[in-house]
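Peer 1: Following this line is my_file-v3.pdb, made up of PDB, C-alpha atoms:
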```
MODEL        1
ATOM      1  CA  MET N   1      19.095  -4.779 -28.563
ATOM      2  CA  ARG N   2      16.162  -4.699 -30.916
ATOM      3  CA  THR N   3      13.014  -6.648 -30.046
ATOM      4  CA  THR N   4       9.326  -6.634 -30.891
ATOM      5  CA  LEU N   5       6.945  -5.899 -28.084
ATOM      6  CA  THR N   6       3.150  -5.911 -27.967
ATOM      7  CA  ILE N   7       1.934  -3.144 -25.665
ATOM      8  CA  ASP N   8      -1.690  -2.812 -24.579
ATOM      9  CA  ASP N   9      -3.467   0.272 -25.911
ATOM     10  CA  ASP N  10      -3.941   1.868 -22.484
ATOM     11  CA  VAL N  11      -0.259   1.388 -21.599
ATOM     12  CA  ALA N  12       0.861   2.766 -24.973
ATOM     13  CA  ALA N  13      -1.316   5.840 -24.457
ATOM     14  CA  LYS N  14       0.231   6.465 -21.049
ATOM     15  CA  LEU N  15       3.726   5.999 -22.484
ATOM     16  CA  ARG N  16       2.998   8.445 -25.320
ATOM     17  CA  ALA N  17       1.651  10.979 -22.823
ATOM     18  CA  GLU N  18       4.750  10.552 -20.650
ATOM     19  CA  ALA N  19       6.997  10.994 -23.699
ATOM     20  CA  ARG N  20       5.183  14.226 -24.593
ATOM     21  CA  ARG N  21       5.373  15.461 -20.995
ATOM     22  CA  SER N  22       9.093  14.703 -20.626
ATOM     23  CA  GLY N  23      10.042  15.781 -24.149
ATOM     24  CA  GLU N  24      12.119  12.647 -24.759
ATOM     25  CA  PRO N  25      11.632  10.129 -27.602
ATOM     26  CA  PHE N  26       9.160   7.263 -27.139
ATOM     27  CA  LYS N  27      11.989   4.677 -27.107
ATOM     28  CA  GLN N  28      13.820   6.444 -24.276
ATOM     29  CA  THR N  29      10.575   6.839 -22.336
ATOM     30  CA  VAL N  30       9.827   3.109 -22.600
ATOM     31  CA  ASN N  31      13.356   2.211 -21.443
ATOM     32  CA  ARG N  32      13.255   4.676 -18.533
ATOM     33  CA  VAL N  33       9.826   3.485 -17.356
ATOM     34  CA  LEU N  34      10.891  -0.176 -17.595
ATOM     35  CA  ARG N  35      14.099   0.502 -15.649
ATOM     36  CA  THR N  36      12.184   2.384 -12.953
ATOM     37  CA  GLY N  37       9.564  -0.346 -12.672
ATOM     38  CA  LEU N  38      12.136  -3.109 -12.460
ATOM     39  CA  HIS N  39      14.145  -1.208  -9.855
ATOM     40  CA  VAL N  40      11.089  -0.508  -7.686
ATOM     41  CA  ARG N  41      10.044  -4.149  -7.932
ATOM     42  CA  SER N  42      13.492  -5.395  -6.868
ATOM     43  CA  VAL N  43      13.586  -2.979  -3.925
ATOM     44  CA  ALA N  44      10.072  -3.959  -2.818
ATOM     45  CA  VAL N  45      10.893  -7.676  -2.936
ATOM     46  CA  SER N  46      14.021  -7.252  -0.837
ATOM     47  CA  ALA N  47      12.302  -5.139   1.842
ATOM     48  CA  PRO N  48      11.883  -6.886   5.190
ATOM     49  CA  PRO N  49       8.340  -7.944   6.059
ATOM     50  CA  PHE N  50       6.319  -5.627   8.271
ATOM     51  CA  LYS N  51       5.965  -6.934  11.818
ATOM     52  CA  VAL N  52       3.380  -5.884  14.355
ATOM     53  CA  ARG N  53       4.843  -5.592  17.804
ATOM     54  CA  PRO N  54       2.151  -6.105  20.418
ATOM     55  CA  ARG N  55       2.361  -4.287  23.689
ATOM     56  CA  PRO N  56       0.394  -4.705  26.873
ATOM     57  CA  LEU N  57      -2.370  -2.152  27.279
ATOM     58  CA  GLY N  58      -3.199  -3.117  30.844
ATOM     59  CA  LEU N  59      -6.609  -2.955  32.447
ATOM     60  CA  ARG N  60      -8.444   0.290  33.037
ATOM     61  CA  PRO N  61      -9.021   0.843  36.753
ATOM     62  CA  GLY N  62     -12.495  -0.195  37.815
ATOM     63  CA  PHE N  63     -13.228  -2.421  34.799
ATOM     64  CA  SER N  64     -13.490  -6.167  35.053
ATOM     65  CA  TYR N  65     -13.188  -7.878  31.705
ATOM     66  CA  ASP N  66     -14.578 -11.082  33.227
ATOM     67  CA  LYS N  67     -18.110  -9.669  33.335
ATOM     68  CA  VAL N  68     -18.863  -8.326  29.877
ATOM     69  CA  GLY N  69     -22.380  -7.150  30.789
ATOM     70  CA  GLU N  70     -21.057  -4.923  33.551
ATOM     71  CA  LEU N  71     -18.356  -3.599  31.259
ATOM     72  CA  ILE N  72     -20.928  -2.595  28.628
ATOM     73  CA  GLU N  73     -23.145  -1.040  31.278
ATOM     74  CA  GLN N  74     -20.279   1.057  32.624
ATOM     75  CA  ALA N  75     -19.123   2.120  29.152
ATOM     76  CA  GLU N  76     -22.546   2.858  27.672
ATOM     77  CA  ALA N  77     -24.640   3.473  30.780
ATOM     78  CA  PRO N  78     -27.339   5.753  29.342
ATOM     79  CA  PHE N  79     -27.725   3.696  26.140
ATOM     80  CA  TYR N  80     -27.516   0.171  27.556
ATOM     81  CA  ARG N  81     -30.746  -1.849  27.971
TER      82      ARG N  81
ENDMDL
END
```
Take the structure I supplied and represent it as structure tokens, if you would.

Peer 2:
Amino acid sequence: MRTTLTIDDDVAAKLRAEARRSGEPFKQTVNRVLRTGLHVRSVAVSAPPFKVRPRPLGLRPGFSYDKVGELIEQAEAPFYR
């Protein structure tokens, strides 16, 4: 299919550089890059969302999280106050 496309200057420069690097014609480079981009986008959209699974960390022996001042004093004894 033949179509007219307006490509930004920076994108065209990168496509020309890629065509030189790969040794293939500009047209084939554009088609390959578009196919790759569309494929990556479709794979990324269909990926399941990342989920954080919390886990209990428990309390450290000897620490009481009810008294924050004491906790800071125990953790940073020489630097506290």

Peer 1: Would you give the centre and edge lengths, in Å to one decimal, of a box along x, y and z around the listed atoms of range 2-19 of chain N, with 8 Å added to each side, as lines of an AutoDock Vina configuration file?

Peer 2:
```
center_x = 6.1
center_y = 2.2
center_z = -25.8
size_x = 36.1
size_y = 33.6
size_z = 26.3
```

Peer 1: I'd like the interatomic distance between CA of Lys51 in chain N and CA of Gly37 in chain N, to a tenth of an Å.

Peer 2: 25.6 Å

Peer 1: Could you spell out the hits of the PyMOL selection byres ((chain N and resi 4-19) around 12) on the shown file, as a PyMOL selection string?

Peer 2: chain N and resi 1-3+20-34
